[in-house]
Amino acid sequence: MNTSREQPAIVIEGLTKSFGDLQVLRGVDLEVADHEVICLIGASGSGKSTLLRCVNLIEPIDAGRIVVEGDEITAQGIDVNAIRRRIGIVFQSFNLFPHMSVLRNITLAPTKVVGTSASQAEVEARELLDRFGLADKAEEYPDRLSGGQQQRVAIMRALAMKPDIMLLDEVTSALDPELVAEVLDVIRELAAAGMTMLIATHEMGFARDIATRVCFLDDGVIAEQGPPEQIFEDPQQERTGQFLARIVAAGRM
Amino acid sequence: MGGGDGSRSVWVAIASTVIFFAVVILAVVNSPGWSSPGGVKEQFFNREIFEESLPKILDGFWLNVRIFLIAEVLVLVLALVLAVMRSLPGPVFAPLRLLAVSYSILFRGVPTILVIFILGFGMPALELQGVPNSDVFWAIIALTLVYSAYVAEVYRAGIESIHPSQTAAARSLGLGRGQAMRYVVLPQAIKRVLPPLLNDFIGLQKDSALVAVLGVTEGLRQAQITQATFFNFTPYVSLALVYVMITIPQVLFVDWLIKRDQRRQQAGGAA
């Protein structure tokens with residue numbers, strides 16, 4: 001936790017990232033205040049996931065800098081593991097540990113990284129499971145849960161580290177349509193509780209509903225950003241309008 | 001073949017199996033070389049010699065058991081170290097990776113019996129201070145060195161079969177590289193490679209017979225002695241039987257382990 005209140009949760013400046021010859025991010029600037037919920041929208045390949053993975057230091061960046069709660073996390077010699085404790089990330093494909101029970105999935109990081117006692121970690125994990133309606137699945141293994149349940153467990157697993165910021169990378173994209181709602185409900189609850197979140201999503205209705213700000217990524221830069229009403233109803237940029245028109249045509253809004 | 005008539009196909013399978021083996025056994029037993037004096041039965045399947053030689057062979061085989069059990073424990077550890085060494089990323093670890101790769105080439109390339117000769121005869125002959133001169137000790141080391149090279153490859157295949165997203169998930173939670181390996185990658189990898197791991201262990205158990213070349217009185221050497229006493233090959237067949245008998249429970253155990261795991265992790269079964 002940082003003491004100074006005015007400090008933004010995340011500052012991203014001039015972030016660039018290439019994979020081989022393919023430049024995915026071409027200079028992204030973004031400032032996220034505490035308790036903000038920012039939805040990143042844009043076509044597949046526009047760089048949404050890469051941006052989130054860079055903030056979690058899963059991908060090393062090429063240029064620019066990322067500052068989290070006043071600490072430049074892209075500086076040389078930074079303790080990567082300490083940074084990641086403050087930033088939770090949830091992936092499109094859940095990535096639960098299949099050889100561990102739900103409970104163990106959630107308690108692994110607190111016990112091994114923070115040093116929380118096993119009993120305390122279990123109490124906290126059960127509280128999370130209770131809060132998000134999966135108390136009866138604590139002893140189950142991930143493969144025996146539905147996709148929606150697995151994704152909720154993945155969110156809890158990240159929350160168990162008590163992060164200040166959550167990054168959600170298209171967390172509903174791999175789910176059957178009828179399972180999307182239960183996951184979105186969890187995210188809504190997090191937003192209501194004041195969690196700072198950066199959400200890459202294709203769920204436009206959800207983005208409009210939950211976001212304090214929507215950023216439209218196109219061709220590796222933030223082409224347009226603003227409150228959801230503005231982005232969805234009165235986009236200033238032509239390409240934003242074109243993207244949204246395609247979404248509407250696809251029946252996804 | 002229509003669906004649904006399961007019991008009929010079971011009976012057909014049983015009947016055809018019984019008839020097949022009855023025919024084979026009758027053909028063998030009634031062949032000219034089987035029961036004639038000095039024939040196969042007398043030379044290879046002689047009951048009296050079997051009963052006389054088995055206790056001695058088991059006595060010698062007990063040494064094999066101790067040799068391969070110790071070697072197996074050492075192999076599990078050394079091979080894991082080699083496999084993890086080989087999976088270390090980044091330019092800093094290049095020498096360690098090279099070491100692991102060279103090791104696996106060297107010890108998979110050299111015949112096991114040669115390694116046993118070199119260490120088993122060579123090391124005690126040096127008479128160096130502090131170096132054990134027990135040939136059994138060096139035989140265990142030789143088997144460990146050779147089989148670690150194979151098992152390291154098995155581990156490595158397992159480690160590489162775990163999707164990188166598992167490591168990414170573990171690291172994103174703040175686990176270090178070593179912790180991600182230990183708690184997330186290795187447990188899954190080892191489960192996946194249990195069958196080939198058992199293969200190598202059975203190979204190791206069989207190769208413990210090579211220790212006989214050092215003059216150690218283990219199972220094979222004992223069988224050889226008994227064979228020379230009776231001028232009969234039954235002791236060898238008895239030893240072969242002992243090897244097969246210790247393999248069966250291991251195969252069943254690994255099958256059971258895999259099934260238990262599947263039951264626990266996948267749909268179906270009691271919650």
# chains A, B, ... in the order shown; residues from 1 in each chain; ligands from 1
>>> closest_atom_pairs(of="chain B", to="chain A", cutoff="12 Å", atoms="only C-alpha atoms", output="Markdown table")
| residue | atom | partner | partner_atom | distance |
| --- | --- | --- | --- | --- |
| B:Ile162 | CA | A:Phe97 | CA | 10.8 |
| B:His163 | CA | A:Asn95 | CA | 9.4 |
| B:Pro164 | CA | A:Asn95 | CA | 9.8 |
| B:Ser165 | CA | A:Asn95 | CA | 6.4 |
| B:Gln166 | CA | A:Asn95 | CA | 5.9 |
| B:Thr167 | CA | A:Asn95 | CA | 9.2 |
| B:Ala168 | CA | A:Ile58 | CA | 6.9 |
| B:Ala169 | CA | A:Asn95 | CA | 6.2 |
| B:Ala170 | CA | A:Ala109 | CA | 8.0 |
| B:Arg171 | CA | A:Asn81 | CA | 7.5 |
| B:Ser172 | CA | A:Arg84 | CA | 5.9 |
| B:Leu173 | CA | A:Ala109 | CA | 6.1 |
| B:Gly174 | CA | A:Asn81 | CA | 4.5 |
| B:Leu175 | CA | A:Val113 | CA | 5.9 |
| B:Gly176 | CA | A:Asn81 | CA | 6.6 |
| B:Arg177 | CA | A:Asn81 | CA | 9.5 |
| B:Gly178 | CA | A:Lys112 | CA | 11.3 |
| B:Gln179 | CA | A:Lys112 | CA | 7.9 |
| B:Ala180 | CA | A:Ala109 | CA | 9.9 |
| B:Arg182 | CA | A:Lys112 | CA | 11.0 |
| B:Tyr183 | CA | A:Leu108 | CA | 8.4 |
| B:Val184 | CA | A:Phe97 | CA | 6.8 |
| B:Val185 | CA | A:Phe97 | CA | 9.1 |
| B:Leu186 | CA | A:His99 | CA | 10.5 |
| B:Pro187 | CA | A:His99 | CA | 7.5 |
| B:Gln188 | CA | A:His99 | CA | 6.5 |
| B:Ala189 | CA | A:His99 | CA | 10.3 |
| B:Ile190 | CA | A:His99 | CA | 11.2 |
| B:Lys191 | CA | A:His99 | CA | 9.4 |
| B:Arg192 | CA | A:His99 | CA | 11.1 |
| B:Asp261 | CA | A:His99 | CA | 8.8 |
| B:Gln262 | CA | A:His99 | CA | 10.1 |
| B:Arg263 | CA | A:Tyr141 | CA | 10.3 |
| B:Arg264 | CA | A:Tyr141 | CA | 7.3 |
| B:Gln265 | CA | A:Tyr141 | CA | 5.4 |
| B:Gln266 | CA | A:Asp143 | CA | 5.5 |
| B:Ala267 | CA | A:Arg144 | CA | 5.0 |
| B:Gly268 | CA | A:Arg144 | CA | 8.2 |
| B:Gly269 | CA | A:Arg144 | CA | 10.3 |
| B:Ala270 | CA | A:Glu140 | CA | 10.3 |
| B:Ala271 | CA | A:Glu140 | CA | 7.0 |
>>> write_last_selection(atoms="C-alpha atoms", output="mmCIF file, in the first residue's frame")
data_model
loop_
_atom_site.group_PDB
_atom_site.id
_atom_site.type_symbol
_atom_site.label_atom_id
_atom_site.label_comp_id
_atom_site.auth_asym_id
_atom_site.auth_seq_id
_atom_site.Cartn_x
_atom_site.Cartn_y
_atom_site.Cartn_z
ATOM 1 C CA ILE B 162 3.592 -28.630 -19.320
ATOM 2 C CA HIS B 163 2.128 -25.604 -21.087
ATOM 3 C CA PRO B 164 4.028 -22.354 -20.429
ATOM 4 C CA SER B 165 0.753 -20.768 -19.300
ATOM 5 C CA GLN B 166 1.063 -22.816 -16.095
ATOM 6 C CA THR B 167 4.387 -21.194 -15.318
ATOM 7 C CA ALA B 168 3.011 -17.808 -16.320
ATOM 8 C CA ALA B 169 0.080 -18.263 -13.931
ATOM 9 C CA ALA B 170 2.386 -19.275 -11.097
ATOM 10 C CA ARG B 171 4.809 -16.425 -11.734
ATOM 11 C CA SER B 172 1.978 -13.907 -12.030
ATOM 12 C CA LEU B 173 0.965 -14.831 -8.473
ATOM 13 C CA GLY B 174 4.436 -13.884 -7.284
ATOM 14 C CA LEU B 175 5.999 -17.339 -7.097
ATOM 15 C CA GLY B 176 9.681 -17.378 -8.013
ATOM 16 C CA ARG B 177 11.060 -19.412 -10.873
ATOM 17 C CA GLY B 178 12.125 -22.227 -8.540
ATOM 18 C CA GLN B 179 8.809 -22.237 -6.708
ATOM 19 C CA ALA B 180 6.849 -22.367 -9.956
ATOM 20 C CA ARG B 182 8.617 -27.105 -7.700
ATOM 21 C CA TYR B 183 4.947 -26.610 -6.939
ATOM 22 C CA VAL B 184 3.362 -26.272 -10.373
ATOM 23 C CA VAL B 185 5.467 -27.733 -13.191
ATOM 24 C CA LEU B 186 7.238 -30.731 -11.648
ATOM 25 C CA PRO B 187 4.261 -32.375 -9.928
ATOM 26 C CA GLN B 188 2.357 -32.361 -13.211
ATOM 27 C CA ALA B 189 5.396 -33.338 -15.266
ATOM 28 C CA ILE B 190 6.309 -36.326 -13.115
ATOM 29 C CA LYS B 191 2.771 -37.685 -13.165
ATOM 30 C CA ARG B 192 2.818 -37.490 -16.923
ATOM 31 C CA ASP B 261 -5.060 -39.708 -10.389
ATOM 32 C CA GLN B 262 -7.451 -39.642 -13.303
ATOM 33 C CA ARG B 263 -10.336 -40.485 -11.000
ATOM 34 C CA ARG B 264 -9.421 -37.680 -8.676
ATOM 35 C CA GLN B 265 -8.838 -34.966 -11.237
ATOM 36 C CA GLN B 266 -11.459 -35.708 -13.809
ATOM 37 C CA ALA B 267 -15.207 -35.850 -13.956
ATOM 38 C CA GLY B 268 -17.028 -38.834 -12.483
ATOM 39 C CA GLY B 269 -16.327 -40.722 -9.274
ATOM 40 C CA ALA B 270 -17.173 -39.650 -5.767
ATOM 41 C CA ALA B 271 -16.855 -35.989 -4.934
#
>>> residues_around(residues="range 11-25 of chain A", least_positions_apart="4", cutoff="6 Å", atoms="only C-alpha atoms", output="list in words")
Asp29, Leu30, Glu31, Gly47, Ile61, Asp62, Ala63, Gly64, Arg65, Ile66, Val67 and Gly220 of chain A
>>> write_last_selection(atoms="N, CA and C atoms", output="compact mmCIF listing (two decimals), in the first residue's frame")
# COMPACT_ATOMS: atom_id res chain seq x y z
N ASP A 29 0.32 5.40 -23.86
CA ASP A 29 0.33 6.25 -22.67
C ASP A 29 -1.01 6.09 -21.98
N LEU A 30 -0.95 5.82 -20.67
CA LEU A 30 -2.20 5.62 -19.94
C LEU A 30 -1.95 5.88 -18.47
N GLU A 31 -2.90 6.60 -17.84
CA GLU A 31 -2.80 6.81 -16.41
C GLU A 31 -4.07 6.28 -15.77
N GLY A 47 -3.48 -5.35 -29.30
CA GLY A 47 -2.48 -5.16 -28.25
C GLY A 47 -3.02 -5.14 -26.83
N ILE A 61 9.32 -5.34 -21.65
CA ILE A 61 8.96 -4.28 -22.61
C ILE A 61 10.20 -3.84 -23.39
N ASP A 62 9.96 -3.20 -24.54
CA ASP A 62 11.08 -2.73 -25.36
C ASP A 62 11.49 -1.31 -24.96
N ALA A 63 10.51 -0.44 -24.81
CA ALA A 63 10.82 0.94 -24.45
C ALA A 63 9.64 1.52 -23.69
N GLY A 64 9.89 2.65 -23.03
CA GLY A 64 8.86 3.28 -22.22
C GLY A 64 9.01 2.89 -20.77
N ARG A 65 8.03 3.29 -19.95
CA ARG A 65 8.10 2.86 -18.56
C ARG A 65 6.72 2.66 -17.96
N ILE A 66 6.68 1.84 -16.93
CA ILE A 66 5.43 1.58 -16.23
C ILE A 66 5.69 1.84 -14.75
N VAL A 67 4.85 2.71 -14.16
CA VAL A 67 5.01 3.04 -12.76
C VAL A 67 3.76 2.59 -12.02
N GLY A 220 -1.86 -0.77 -31.95
CA GLY A 220 -0.79 -0.59 -30.98
C GLY A 220 -0.77 0.72 -30.22
>>> residues_around(residues="Ala211 in chain A", least_positions_apart="6", cutoff="8 Å", atoms="only C-alpha atoms", output="ChimeraX atom specification")
/A:36-39,227-228
>>> closest_residue(among="B:Phe50, B:Phe21, B:Phe68, B:Gly33", to="Ala240 in chain B", atoms="only C-alpha atoms")
B:Phe50
>>> residues_around(residues="Ile222 in chain A", least_positions_apart="4", cutoff="9 Å", atoms="only C-alpha atoms", output="list in words")
Gly27, Val28, Asp29, Leu30, Leu40, Cys215, Phe216, Leu217 and Asp218 of chain A
>>> residues_around(residues="Asp185 in chain A", least_positions_apart="3", cutoff="12 Å", atoms="only C-alpha atoms", output="list in words")
Arg131, Phe132, Gly133, Gly148, Gln151, Arg152, Ile155, Thr172, Leu179, Val180, Ala181, Glu182, Arg188, Glu189, Leu190, Ala191, Ala192, Phe206, Asp209 and Ile210 of chain A
>>> select_by_dssp(residues="range 12-245 of chain A", states="strand (DSSP E or B)", output="PyMOL selection string")
chain A and resi 12-19+22-32+37-41+63-68+71-72+87-90+165-169+196-200+213-218+221-226
>>> residues_around(residues="Pro95 in chain B", least_positions_apart="6", cutoff="10 Å", atoms="only C-alpha atoms", output="number ranges by chain")
B: 85-86, 101
>>> atom_distance(atom1="CA of Thr112 in chain B", atom2="CA of Val146 in chain B")
6.5 Å
